[in-house]
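Accompanying notes for the structure given below.
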Amino acid sequence: MAKMTHVFVYGTLKRGQPNHQVLLDSSHGWAALRGQGRTAEPHPLVIAGQHNIPYLLSLPGRGHCVAGEIYAVDEQMLQFLDEFEGCPDMYQRTLVRIEVLMWEGKRSAPAETPAADSTMQCFVYSTATYSPEWALLPYHDNYDSQGTHGLRYNPRENR
C-alpha cells in the first residue's frame, strides 16, 4: 500500500473552485477528500496579486482560523501539488495543525484517523515570500473565488 499524506487545501483546490479538477485527475496521482477542517491557529488568508490568488501568509497568530478541506494524497500527487503550487518559490509546503470539523463518511475515517473535534498535522501550501503590503490586505476565514470580496480569480489558462 502506498504511503498517504494529508494535505489541507483552503483556496482554488477546494470543491467547487477553479483548480479542484487537478485533485481529481488520476494522471497526477491519487487524492481523496477525507473531511472538513480549519487551521487550529489563526493565519492571514488574503487575495493578492494581479490574478487574485488566495494566499495563506506565514504569519501564525494573525488573521482567522481558515476553513478548508483535508485530502489524503499519495506521493505522486504530493509531488504534482508541489510543482502546481510553485513550491518552494511561490508557496512553501509546511506542516500546520488542523482542527477536524467533520469526516466524509465512515469509510473515510479509519481507526488511526483523529476524531472530529480533535486536531491533526497536515501539509499546507502557505507563503513566507510575499510583498509586505499583502499583510495589510483584508483577511478572510474562508475562500470562494466567486465570493462577496469581488476579487475574481484569473485561471491559469487565461494568463
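Ordering of the C-alpha cells sets the chain letters (A, B, ...), residue numbers begin anew at 1 in every chain, and ligands are numbered from 1 in the order given.
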Find the residues of stretch 13-74 of chain A that sit at most 12 Å from stretch 86-90 of chain A; for each, write down the nearest two atoms and how far apart they are in Å, to one decimal. Count only C-alpha atoms. Sort by chain, then by number going up, and give it as JSON lines.
{"residue": "A:Gly49", "atom": "CA", "partner": "A:Met90", "partner_atom": "CA", "distance": 11.7}
{"residue": "A:Ile53", "atom": "CA", "partner": "A:Met90", "partner_atom": "CA", "distance": 11.0}
{"residue": "A:Pro54", "atom": "CA", "partner": "A:Met90", "partner_atom": "CA", "distance": 11.7}
{"residue": "A:Tyr55", "atom": "CA", "partner": "A:Met90", "partner_atom": "CA", "distance": 9.5}
{"residue": "A:Leu56", "atom": "CA", "partner": "A:Met90", "partner_atom": "CA", "distance": 11.2}
{"residue": "A:Leu57", "atom": "CA", "partner": "A:Met90", "partner_atom": "CA", "distance": 11.1}
Produce a file of the selected residues containing all heavy atoms, as a PDB file, in the first residue's frame.
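part_9.pdb was written with the following content:
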ATOM      1  N   GLY A  49      -2.217  39.903  -5.682  1.00  0.00           N
ATOM      2  CA  GLY A  49      -1.555  39.810  -6.975  1.00  0.00           C
ATOM      3  C   GLY A  49      -2.494  40.109  -8.122  1.00  0.00           C
ATOM      4  O   GLY A  49      -3.707  40.236  -7.951  1.00  0.00           O
ATOM      5  N   ILE A  53      -5.065  35.667  -6.487  1.00  0.00           N
ATOM      6  CA  ILE A  53      -4.773  34.333  -5.968  1.00  0.00           C
ATOM      7  C   ILE A  53      -4.913  34.347  -4.448  1.00  0.00           C
ATOM      8  O   ILE A  53      -4.455  35.275  -3.791  1.00  0.00           O
ATOM      9  CB  ILE A  53      -3.342  33.918  -6.379  1.00  0.00           C
ATOM     10  CG1 ILE A  53      -3.270  33.815  -7.906  1.00  0.00           C
ATOM     11  CG2 ILE A  53      -2.915  32.617  -5.707  1.00  0.00           C
ATOM     12  CD1 ILE A  53      -1.870  33.602  -8.455  1.00  0.00           C
ATOM     13  N   PRO A  54      -5.551  33.304  -3.870  1.00  0.00           N
ATOM     14  CA  PRO A  54      -5.604  33.214  -2.405  1.00  0.00           C
ATOM     15  C   PRO A  54      -4.262  32.745  -1.848  1.00  0.00           C
ATOM     16  O   PRO A  54      -3.664  31.798  -2.360  1.00  0.00           O
ATOM     17  CB  PRO A  54      -6.701  32.177  -2.149  1.00  0.00           C
ATOM     18  CG  PRO A  54      -6.714  31.324  -3.372  1.00  0.00           C
ATOM     19  CD  PRO A  54      -6.294  32.217  -4.515  1.00  0.00           C
ATOM     20  N   TYR A  55      -3.787  33.425  -0.835  1.00  0.00           N
ATOM     21  CA  TYR A  55      -2.532  33.082  -0.174  1.00  0.00           C
ATOM     22  C   TYR A  55      -2.766  32.991   1.326  1.00  0.00           C
ATOM     23  O   TYR A  55      -3.387  33.883   1.909  1.00  0.00           O
ATOM     24  CB  TYR A  55      -1.469  34.169  -0.396  1.00  0.00           C
ATOM     25  CG  TYR A  55      -0.962  34.291  -1.805  1.00  0.00           C
ATOM     26  CD1 TYR A  55      -1.517  35.212  -2.683  1.00  0.00           C
ATOM     27  CD2 TYR A  55       0.091  33.499  -2.253  1.00  0.00           C
ATOM     28  CE1 TYR A  55      -1.034  35.343  -3.982  1.00  0.00           C
ATOM     29  CE2 TYR A  55       0.587  33.626  -3.539  1.00  0.00           C
ATOM     30  CZ  TYR A  55       0.020  34.545  -4.399  1.00  0.00           C
ATOM     31  OH  TYR A  55       0.501  34.672  -5.678  1.00  0.00           O
ATOM     32  N   LEU A  56      -2.236  31.948   1.926  1.00  0.00           N
ATOM     33  CA  LEU A  56      -2.185  31.836   3.377  1.00  0.00           C
ATOM     34  C   LEU A  56      -0.795  32.323   3.774  1.00  0.00           C
ATOM     35  O   LEU A  56       0.209  31.691   3.436  1.00  0.00           O
ATOM     36  CB  LEU A  56      -2.409  30.390   3.808  1.00  0.00           C
ATOM     37  CG  LEU A  56      -2.700  30.161   5.274  1.00  0.00           C
ATOM     38  CD1 LEU A  56      -4.066  30.741   5.650  1.00  0.00           C
ATOM     39  CD2 LEU A  56      -2.665  28.676   5.584  1.00  0.00           C
ATOM     40  N   LEU A  57      -0.743  33.484   4.419  1.00  0.00           N
ATOM     41  CA  LEU A  57       0.547  34.067   4.773  1.00  0.00           C
ATOM     42  C   LEU A  57       1.128  33.373   6.007  1.00  0.00           C
ATOM     43  O   LEU A  57       0.397  33.042   6.938  1.00  0.00           O
ATOM     44  CB  LEU A  57       0.401  35.566   5.044  1.00  0.00           C
ATOM     45  CG  LEU A  57      -0.222  36.407   3.924  1.00  0.00           C
ATOM     46  CD1 LEU A  57      -0.220  37.882   4.316  1.00  0.00           C
ATOM     47  CD2 LEU A  57       0.485  36.198   2.596  1.00  0.00           C
TER      48      LEU A  57
END
Quick one: which stretch 131-156 of chain A residues come within 7 Å of stretch 60-65 of chain A, and what is the nearest atom pair for each with the distance in Å to one decimal, counting only C-alpha atoms, rows ordered by chain and ascending number, as a Markdown table?
| residue | atom | partner | partner_atom | distance |
| --- | --- | --- | --- | --- |
| A:Tyr139 | CA | A:Gly63 | CA | 5.8 |
| A:His140 | CA | A:His64 | CA | 6.9 |
| A:Asp141 | CA | A:His64 | CA | 5.4 |
Find the residues near A:Val73: any atom within 9 Å, counting only C-alpha atoms, skip ones fewer than 5 places away on the same chain, and give them as a list in words. Lys3, Met4, Thr5, His6, Val7, Leu23, Gly29, Trp30, Ala31, Ala32, Leu33 and Leu78 of chain A
Could you check which of A:Glu69, A:Ser126, A:Leu137, A:Asp82 is closest to A:Gly16, using only C-alpha atoms?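 Of the candidates, the smallest distance to A:Gly16 is held by A:Glu69.
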Restricting to only C-alpha atoms, whichever of A:Gly37, A:Gly147, A:Pro44, A:Pro155 is closest to A:Leu101 is A:Gly37
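Using only C-alpha atoms, the nearest neighbour of A:Val9 within the list A:Gly150, A:Gly35, A:Gly68, A:Gly105 is A:Gly68.
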From stretch 63-150 of chain A, collect each residue whose DSSP state is strand (DSSP E or B) and return the set as a ChimeraX atom specification. /A:64,67-74,92-103,119-127,140
Check the DSSP output for the backbone and give back, as a list in words, the residues of chain A in helix (DSSP H, G or I).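 Result set for chain A (helix (DSSP H, G or I)): Gln21, Val22, Leu23, Leu24, Ser26, Ser27, His28, Glu75, Gln76, Met77, Leu78, Gln79, Phe80, Leu81, Asp82, Glu83, Phe84, Lys106, Arg107, Ser108, Pro132, Glu133, Trp134, Ala135, Leu136, Arg156, Glu157 and Asn158 of chain A.
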Selection above as a file: N, CA, C and O atoms, as an mmCIF file, in the first residue's frame:
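again_31.cif, freshly written:
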data_model
loop_
_atom_site.group_PDB
_atom_site.id
_atom_site.type_symbol
_atom_site.label_atom_id
_atom_site.label_comp_id
_atom_site.auth_asym_id
_atom_site.auth_seq_id
_atom_site.Cartn_x
_atom_site.Cartn_y
_atom_site.Cartn_z
ATOM 1 N N GLN A 21 -10.249 20.413 -10.175
ATOM 2 C CA GLN A 21 -10.126 19.274 -11.090
ATOM 3 C C GLN A 21 -8.740 18.638 -11.059
ATOM 4 O O GLN A 21 -8.608 17.459 -11.351
ATOM 5 N N VAL A 22 -7.697 19.380 -10.673
ATOM 6 C CA VAL A 22 -6.357 18.765 -10.643
ATOM 7 C C VAL A 22 -6.274 17.675 -9.577
ATOM 8 O O VAL A 22 -5.509 16.727 -9.735
ATOM 9 N N LEU A 23 -7.070 17.783 -8.519
ATOM 10 C CA LEU A 23 -7.087 16.737 -7.496
ATOM 11 C C LEU A 23 -7.836 15.495 -7.972
ATOM 12 O O LEU A 23 -7.640 14.413 -7.429
ATOM 13 N N LEU A 24 -8.681 15.655 -8.975
ATOM 14 C CA LEU A 24 -9.475 14.544 -9.498
ATOM 15 C C LEU A 24 -8.783 13.807 -10.640
ATOM 16 O O LEU A 24 -9.223 12.733 -11.040
ATOM 17 N N SER A 26 -6.364 11.508 -12.179
ATOM 18 C CA SER A 26 -5.528 10.399 -11.709
ATOM 19 C C SER A 26 -4.158 10.377 -12.382
ATOM 20 O O SER A 26 -3.249 9.708 -11.884
ATOM 21 N N SER A 27 -3.972 11.108 -13.482
ATOM 22 C CA SER A 27 -2.638 11.161 -14.089
ATOM 23 C C SER A 27 -1.655 11.919 -13.188
ATOM 24 O O SER A 27 -0.445 11.802 -13.354
ATOM 25 N N HIS A 28 -2.179 12.687 -12.219
ATOM 26 C CA HIS A 28 -1.334 13.414 -11.266
ATOM 27 C C HIS A 28 -1.043 12.591 -10.021
ATOM 28 O O HIS A 28 -0.259 13.020 -9.169
ATOM 29 N N GLU A 75 2.243 9.932 -2.862
ATOM 30 C CA GLU A 75 3.496 10.660 -3.113
ATOM 31 C C GLU A 75 3.490 11.328 -4.490
ATOM 32 O O GLU A 75 3.981 12.451 -4.642
ATOM 33 N N GLN A 76 2.923 10.663 -5.492
ATOM 34 C CA GLN A 76 2.874 11.241 -6.845
ATOM 35 C C GLN A 76 2.042 12.525 -6.849
ATOM 36 O O GLN A 76 2.448 13.528 -7.426
ATOM 37 N N MET A 77 0.887 12.509 -6.189
ATOM 38 C CA MET A 77 0.038 13.709 -6.133
ATOM 39 C C MET A 77 0.738 14.809 -5.327
ATOM 40 O O MET A 77 0.675 15.987 -5.701
ATOM 41 N N LEU A 78 1.406 14.440 -4.246
ATOM 42 C CA LEU A 78 2.112 15.429 -3.440
ATOM 43 C C LEU A 78 3.185 16.123 -4.284
ATOM 44 O O LEU A 78 3.325 17.354 -4.235
ATOM 45 N N GLN A 79 3.934 15.355 -5.059
ATOM 46 C CA GLN A 79 4.953 15.946 -5.929
ATOM 47 C C GLN A 79 4.317 16.829 -6.997
ATOM 48 O O GLN A 79 4.829 17.900 -7.314
ATOM 49 N N PHE A 80 3.174 16.391 -7.557
ATOM 50 C CA PHE A 80 2.463 17.218 -8.534
ATOM 51 C C PHE A 80 2.022 18.533 -7.885
ATOM 52 O O PHE A 80 2.186 19.612 -8.463
ATOM 53 N N LEU A 81 1.456 18.456 -6.676
ATOM 54 C CA LEU A 81 0.991 19.667 -5.994
ATOM 55 C C LEU A 81 2.149 20.616 -5.695
ATOM 56 O O LEU A 81 1.992 21.833 -5.808
ATOM 57 N N ASP A 82 3.314 20.071 -5.336
ATOM 58 C CA ASP A 82 4.483 20.927 -5.133
ATOM 59 C C ASP A 82 4.778 21.742 -6.393
ATOM 60 O O ASP A 82 4.997 22.955 -6.328
ATOM 61 N N GLU A 83 4.758 21.076 -7.528
ATOM 62 C CA GLU A 83 5.021 21.772 -8.792
ATOM 63 C C GLU A 83 3.886 22.742 -9.130
ATOM 64 O O GLU A 83 4.119 23.886 -9.501
ATOM 65 N N PHE A 84 2.656 22.295 -8.984
ATOM 66 C CA PHE A 84 1.473 23.104 -9.289
ATOM 67 C C PHE A 84 1.459 24.388 -8.454
ATOM 68 O O PHE A 84 1.109 25.458 -8.944
ATOM 69 N N LYS A 106 -18.118 7.228 7.047
ATOM 70 C CA LYS A 106 -17.411 6.290 7.915
ATOM 71 C C LYS A 106 -16.171 5.719 7.242
ATOM 72 O O LYS A 106 -15.155 5.551 7.870
ATOM 73 N N ARG A 107 -16.235 5.393 5.947
ATOM 74 C CA ARG A 107 -15.103 4.779 5.259
ATOM 75 C C ARG A 107 -13.894 5.708 5.217
ATOM 76 O O ARG A 107 -12.782 5.257 5.068
ATOM 77 N N SER A 108 -14.118 7.016 5.314
ATOM 78 C CA SER A 108 -13.010 7.965 5.235
ATOM 79 C C SER A 108 -12.333 8.191 6.571
ATOM 80 O O SER A 108 -11.350 8.901 6.633
ATOM 81 N N PRO A 132 5.323 42.906 1.334
ATOM 82 C CA PRO A 132 4.931 43.335 2.689
ATOM 83 C C PRO A 132 3.519 43.920 2.765
ATOM 84 O O PRO A 132 2.832 43.726 3.766
ATOM 85 N N GLU A 133 3.061 44.574 1.714
ATOM 86 C CA GLU A 133 1.719 45.174 1.751
ATOM 87 C C GLU A 133 0.601 44.126 1.774
ATOM 88 O O GLU A 133 -0.516 44.427 2.162
ATOM 89 N N TRP A 134 0.910 42.874 1.399
ATOM 90 C CA TRP A 134 -0.120 41.833 1.457
ATOM 91 C C TRP A 134 -0.601 41.607 2.889
ATOM 92 O O TRP A 134 -1.759 41.257 3.105
ATOM 93 N N ALA A 135 0.258 41.820 3.862
ATOM 94 C CA ALA A 135 -0.134 41.639 5.266
ATOM 95 C C ALA A 135 -1.162 42.686 5.695
ATOM 96 O O ALA A 135 -1.827 42.516 6.720
ATOM 97 N N LEU A 136 -1.331 43.745 4.901
ATOM 98 C CA LEU A 136 -2.297 44.796 5.206
ATOM 99 C C LEU A 136 -3.633 44.598 4.487
ATOM 100 O O LEU A 136 -4.581 45.354 4.721
ATOM 101 N N ARG A 156 -5.308 30.001 -14.686
ATOM 102 C CA ARG A 156 -4.019 29.884 -15.381
ATOM 103 C C ARG A 156 -4.168 29.907 -16.891
ATOM 104 O O ARG A 156 -3.350 30.496 -17.585
ATOM 105 N N GLU A 157 -5.208 29.252 -17.386
ATOM 106 C CA GLU A 157 -5.377 29.165 -18.842
ATOM 107 C C GLU A 157 -5.689 30.519 -19.479
ATOM 108 O O GLU A 157 -5.572 30.685 -20.677
ATOM 109 N N ASN A 158 -6.057 31.524 -18.666
ATOM 110 C CA ASN A 158 -6.351 32.874 -19.187
ATOM 111 C C ASN A 158 -5.177 33.839 -19.023
ATOM 112 O O ASN A 158 -5.288 34.997 -19.408
#
List the neighbours of A:Tyr143 out to 9 Å using only C-alpha atoms; skip same-chain residues closer than 6 positions along the sequence, and give me the result as a list in words.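 That gives Tyr10, Gly11, Thr12, Lys14, Leu45, Val46, Ile47, Pro54, Val66, Ala67 and Gly68 of chain A.
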I need the residues from that last selection saved to file as a PDB file, in the first residue's frame (with all heavy atoms), if you can.
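The result, stored in again-v4.pdb:
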ATOM      1  N   TYR A  10      -7.283  25.250   1.080  1.00  0.00           N
ATOM      2  CA  TYR A  10      -8.128  26.344   1.559  1.00  0.00           C
ATOM      3  C   TYR A  10      -8.553  27.297   0.445  1.00  0.00           C
ATOM      4  O   TYR A  10      -9.317  28.218   0.680  1.00  0.00           O
ATOM      5  CB  TYR A  10      -7.371  27.156   2.626  1.00  0.00           C
ATOM      6  CG  TYR A  10      -6.057  27.692   2.102  1.00  0.00           C
ATOM      7  CD1 TYR A  10      -6.010  28.889   1.387  1.00  0.00           C
ATOM      8  CD2 TYR A  10      -4.878  26.968   2.264  1.00  0.00           C
ATOM      9  CE1 TYR A  10      -4.810  29.342   0.856  1.00  0.00           C
ATOM     10  CE2 TYR A  10      -3.694  27.427   1.753  1.00  0.00           C
ATOM     11  CZ  TYR A  10      -3.659  28.608   1.044  1.00  0.00           C
ATOM     12  OH  TYR A  10      -2.494  29.063   0.513  1.00  0.00           O
ATOM     13  N   GLY A  11      -8.057  27.087  -0.775  1.00  0.00           N
ATOM     14  CA  GLY A  11      -8.296  28.060  -1.849  1.00  0.00           C
ATOM     15  C   GLY A  11      -8.871  27.443  -3.100  1.00  0.00           C
ATOM     16  O   GLY A  11      -9.906  26.782  -3.055  1.00  0.00           O
ATOM     17  N   THR A  12      -8.180  27.630  -4.213  1.00  0.00           N
ATOM     18  CA  THR A  12      -8.716  27.230  -5.519  1.00  0.00           C
ATOM     19  C   THR A  12      -8.750  25.722  -5.726  1.00  0.00           C
ATOM     20  O   THR A  12      -9.328  25.258  -6.708  1.00  0.00           O
ATOM     21  CB  THR A  12      -7.915  27.878  -6.666  1.00  0.00           C
ATOM     22  OG1 THR A  12      -6.584  27.366  -6.657  1.00  0.00           O
ATOM     23  CG2 THR A  12      -7.929  29.398  -6.563  1.00  0.00           C
ATOM     24  N   LYS A  14     -10.174  23.633  -3.502  1.00  0.00           N
ATOM     25  CA  LYS A  14     -11.362  23.099  -2.819  1.00  0.00           C
ATOM     26  C   LYS A  14     -12.440  22.723  -3.839  1.00  0.00           C
ATOM     27  O   LYS A  14     -12.454  23.230  -4.963  1.00  0.00           O
ATOM     28  CB  LYS A  14     -11.960  24.134  -1.852  1.00  0.00           C
ATOM     29  CG  LYS A  14     -11.079  24.464  -0.679  1.00  0.00           C
ATOM     30  CD  LYS A  14     -11.781  25.316   0.384  1.00  0.00           C
ATOM     31  CE  LYS A  14     -12.532  26.504  -0.152  1.00  0.00           C
ATOM     32  NZ  LYS A  14     -13.089  27.346   0.904  1.00  0.00           N
ATOM     33  N   LEU A  45      -5.417  34.887   5.581  1.00  0.00           N
ATOM     34  CA  LEU A  45      -5.756  34.424   4.229  1.00  0.00           C
ATOM     35  C   LEU A  45      -6.108  35.674   3.443  1.00  0.00           C
ATOM     36  O   LEU A  45      -7.063  36.374   3.790  1.00  0.00           O
ATOM     37  CB  LEU A  45      -6.926  33.446   4.260  1.00  0.00           C
ATOM     38  CG  LEU A  45      -7.528  33.045   2.902  1.00  0.00           C
ATOM     39  CD1 LEU A  45      -6.487  32.369   2.012  1.00  0.00           C
ATOM     40  CD2 LEU A  45      -8.731  32.128   3.115  1.00  0.00           C
ATOM     41  N   VAL A  46      -5.305  35.979   2.423  1.00  0.00           N
ATOM     42  CA  VAL A  46      -5.516  37.175   1.619  1.00  0.00           C
ATOM     43  C   VAL A  46      -5.693  36.784   0.159  1.00  0.00           C
ATOM     44  O   VAL A  46      -5.306  35.692  -0.261  1.00  0.00           O
ATOM     45  CB  VAL A  46      -4.354  38.184   1.763  1.00  0.00           C
ATOM     46  CG1 VAL A  46      -4.180  38.624   3.216  1.00  0.00           C
ATOM     47  CG2 VAL A  46      -3.045  37.619   1.213  1.00  0.00           C
ATOM     48  N   ILE A  47      -6.286  37.686  -0.601  1.00  0.00           N
ATOM     49  CA  ILE A  47      -6.416  37.527  -2.050  1.00  0.00           C
ATOM     50  C   ILE A  47      -5.544  38.619  -2.645  1.00  0.00           C
ATOM     51  O   ILE A  47      -5.781  39.803  -2.401  1.00  0.00           O
ATOM     52  CB  ILE A  47      -7.879  37.653  -2.493  1.00  0.00           C
ATOM     53  CG1 ILE A  47      -8.730  36.608  -1.770  1.00  0.00           C
ATOM     54  CG2 ILE A  47      -7.989  37.505  -4.011  1.00  0.00           C
ATOM     55  CD1 ILE A  47     -10.217  36.801  -1.907  1.00  0.00           C
ATOM     56  N   PRO A  54      -5.551  33.304  -3.870  1.00  0.00           N
ATOM     57  CA  PRO A  54      -5.604  33.214  -2.405  1.00  0.00           C
ATOM     58  C   PRO A  54      -4.262  32.745  -1.848  1.00  0.00           C
ATOM     59  O   PRO A  54      -3.664  31.798  -2.360  1.00  0.00           O
ATOM     60  CB  PRO A  54      -6.701  32.177  -2.149  1.00  0.00           C
ATOM     61  CG  PRO A  54      -6.714  31.324  -3.372  1.00  0.00           C
ATOM     62  CD  PRO A  54      -6.294  32.217  -4.515  1.00  0.00           C
ATOM     63  N   VAL A  66      -8.714  29.434   9.380  1.00  0.00           N
ATOM     64  CA  VAL A  66      -9.135  29.356   7.980  1.00  0.00           C
ATOM     65  C   VAL A  66      -9.747  27.999   7.680  1.00  0.00           C
ATOM     66  O   VAL A  66      -9.161  26.958   7.982  1.00  0.00           O
ATOM     67  CB  VAL A  66      -7.931  29.629   7.054  1.00  0.00           C
ATOM     68  CG1 VAL A  66      -8.305  29.451   5.591  1.00  0.00           C
ATOM     69  CG2 VAL A  66      -7.374  31.032   7.304  1.00  0.00           C
ATOM     70  N   ALA A  67     -10.939  28.021   7.058  1.00  0.00           N
ATOM     71  CA  ALA A  67     -11.667  26.804   6.703  1.00  0.00           C
ATOM     72  C   ALA A  67     -11.122  26.195   5.417  1.00  0.00           C
ATOM     73  O   ALA A  67     -10.660  26.908   4.520  1.00  0.00           O
ATOM     74  CB  ALA A  67     -13.146  27.123   6.529  1.00  0.00           C
ATOM     75  N   GLY A  68     -11.190  24.873   5.339  1.00  0.00           N
ATOM     76  CA  GLY A  68     -10.762  24.182   4.126  1.00  0.00           C
ATOM     77  C   GLY A  68     -11.093  22.709   4.177  1.00  0.00           C
ATOM     78  O   GLY A  68     -11.911  22.271   4.990  1.00  0.00           O
TER      79      GLY A  68
END
For a test of reading the model, state the distance in Å between atom CA of A:Tyr71 and atom CA of A:Ala40, rounded to one decimal.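 Between atom CA of A:Tyr71 and atom CA of A:Ala40 the gap is 16.7 Å.
The coordinates place atom CA of A:Arg34 at 5.9 Å from atom CA of A:Trp103.
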Using only C-alpha atoms, which of A:Arg159, A:Ser145, A:Glu99, A:Gln121 sits nearest A:Arg38?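 Of A:Arg159, A:Ser145, A:Glu99, A:Gln121, the one nearest A:Arg38, counting only C-alpha atoms, is A:Glu99.
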